[in-house]
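Worksheet: the structure to be examined is printed underneath.
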Amino acid sequence: MTTNPTSLRNEVTTVAHQGQAGNALAIVRVTIGAMLVWVFFENLGKGLYTPAGYAGLISYYIKNSHSPAIWKSVMGLAASHASMAAPIQGLTEISLGVLLVMGVPIRMSSAPEYR
């Protein structure tokens, strides 16, 4: 098999750019994960994962936001089922945050192998 210098140079450049993109995605992934963990502990300290705290927060959003009526009805449904929605949201925030920081849920396809 014969390769010319131009195709080899293009392959090296492509792999180098994929490495930079991978590093940038890792930084974004860890940042978003850290934000989710931070928000979890902040909300936990405020008592927002209790049914009363969660329903109060959602009711505040319904009254004071400029969201469309359909979204307010979705939020109202969550507030009316706060005993179930609050722990689910807390579990989701901490789980996704930890998994993103650890790098578990995201696996980008690797660069194609050149032989």
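Residues in the structure tokens are named by chain (A, B, ... in the order shown) and by number from 1 within that chain; ligands are numbered from 1 in the order shown.
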Checklist entry - Thr50 of chain A: which residues within 10 Å, counting only C-alpha atoms, same-chain residues fewer than 2 positions away excluded, as number ranges by chain? => result A: 43-44, 46-48, 52-56, 82-87, 90
Item to check | Proximity to Ser59 of chain A - best of A:Ala79, A:Ala34, A:Val74, A:Leu91, only C-alpha atoms | outcome: A:Ala79
Checklist entry - Which value, in Å to one decimal, gives the distance between atom CA of Trp71 of chain A and atom CA of Phe40 of chain A? => result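 Between atom CA of Trp71 of chain A and atom CA of Phe40 of chain A the gap is 22.8 Å.
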Next on the checklist: Would you pick out the contacts of Ile27 of chain A at 10 Å or less, using only C-alpha atoms, so that residues sharing its chain but fewer than 6 positions from it are not included, and give the list as a ChimeraX atom specification?
Outcome noted: /A:21,33,101
File dump, residues just selected, all heavy atoms, as a short mmCIF file (atom, residue, chain, number, x, y, z; two decimals), in the first residue's frame:
data_model
loop_
_atom_site.label_atom_id
_atom_site.label_comp_id
_atom_site.auth_asym_id
_atom_site.auth_seq_id
_atom_site.Cartn_x
_atom_site.Cartn_y
_atom_site.Cartn_z
N ALA A 21 -10.36 18.50 20.65
CA ALA A 21 -11.81 18.49 20.86
C ALA A 21 -12.17 17.59 22.03
O ALA A 21 -13.05 17.92 22.83
CB ALA A 21 -12.52 18.02 19.59
N GLY A 33 -20.86 18.46 35.32
CA GLY A 33 -21.02 17.53 36.42
C GLY A 33 -20.81 18.20 37.77
O GLY A 33 -21.57 17.99 38.71
N VAL A 101 -18.73 13.78 36.31
CA VAL A 101 -17.39 14.08 36.82
C VAL A 101 -16.49 12.86 36.67
O VAL A 101 -15.32 12.97 36.30
CB VAL A 101 -17.46 14.54 38.30
CG1 VAL A 101 -16.08 14.57 38.93
CG2 VAL A 101 -18.10 15.92 38.38
#
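Relative to atom CA of Leu100 of chain A, atom CA of Gly19 of chain A is found at 19.0 Å.
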Checklist entry - Any idea what the distance is between atom CA of Asn64 of chain A and atom CA of Leu96 of chain A? => result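 These atoms are spaced 28.5 Å apart.
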Checklist entry - Which residues, written as number ranges by chain, have at least one atom at most 7 Å from Leu36 of chain A, with only C-alpha atoms counted and residues fewer than 4 positions away on the same chain left out? => result A: 32, 40, 93-94, 97
Item to check | Ser73 of chain A surroundings by only C-alpha atoms, 12 Å radius, close-in-sequence under 6 positions cut, as number ranges by chain | outcome: A: 58-59, 61-63, 67, 79-80
Write a file of the just-selected residues containing N, CA, C and O atoms, as an mmCIF file, in the first residue's frame.
data_model
loop_
_atom_site.group_PDB
_atom_site.id
_atom_site.type_symbol
_atom_site.label_atom_id
_atom_site.label_comp_id
_atom_site.auth_asym_id
_atom_site.auth_seq_id
_atom_site.Cartn_x
_atom_site.Cartn_y
_atom_site.Cartn_z
ATOM 1 N N ILE A 58 -41.699 25.388 43.350
ATOM 2 C CA ILE A 58 -42.400 25.279 42.068
ATOM 3 C C ILE A 58 -43.574 26.249 42.023
ATOM 4 O O ILE A 58 -43.827 26.887 40.997
ATOM 5 N N SER A 59 -44.294 26.386 43.129
ATOM 6 C CA SER A 59 -45.415 27.345 43.175
ATOM 7 C C SER A 59 -44.914 28.768 42.960
ATOM 8 O O SER A 59 -45.561 29.563 42.273
ATOM 9 N N TYR A 61 -42.280 29.607 41.196
ATOM 10 C CA TYR A 61 -41.985 29.705 39.766
ATOM 11 C C TYR A 61 -43.256 29.878 38.940
ATOM 12 O O TYR A 61 -43.270 30.640 37.970
ATOM 13 N N ILE A 62 -44.302 29.181 39.300
ATOM 14 C CA ILE A 62 -45.559 29.293 38.547
ATOM 15 C C ILE A 62 -46.124 30.699 38.644
ATOM 16 O O ILE A 62 -46.577 31.277 37.650
ATOM 17 N N LYS A 63 -46.076 31.284 39.835
ATOM 18 C CA LYS A 63 -46.653 32.619 40.043
ATOM 19 C C LYS A 63 -45.806 33.730 39.437
ATOM 20 O O LYS A 63 -46.340 34.716 38.936
ATOM 21 N N SER A 67 -43.296 31.974 31.921
ATOM 22 C CA SER A 67 -43.316 30.751 31.111
ATOM 23 C C SER A 67 -44.659 30.581 30.418
ATOM 24 O O SER A 67 -45.679 31.105 30.883
ATOM 25 N N ALA A 79 -45.465 19.963 41.189
ATOM 26 C CA ALA A 79 -45.714 20.469 42.546
ATOM 27 C C ALA A 79 -46.776 19.646 43.260
ATOM 28 O O ALA A 79 -46.672 19.397 44.460
ATOM 29 N N SER A 80 -47.788 19.193 42.526
ATOM 30 C CA SER A 80 -48.834 18.397 43.164
ATOM 31 C C SER A 80 -48.360 16.997 43.524
ATOM 32 O O SER A 80 -48.977 16.334 44.356
#
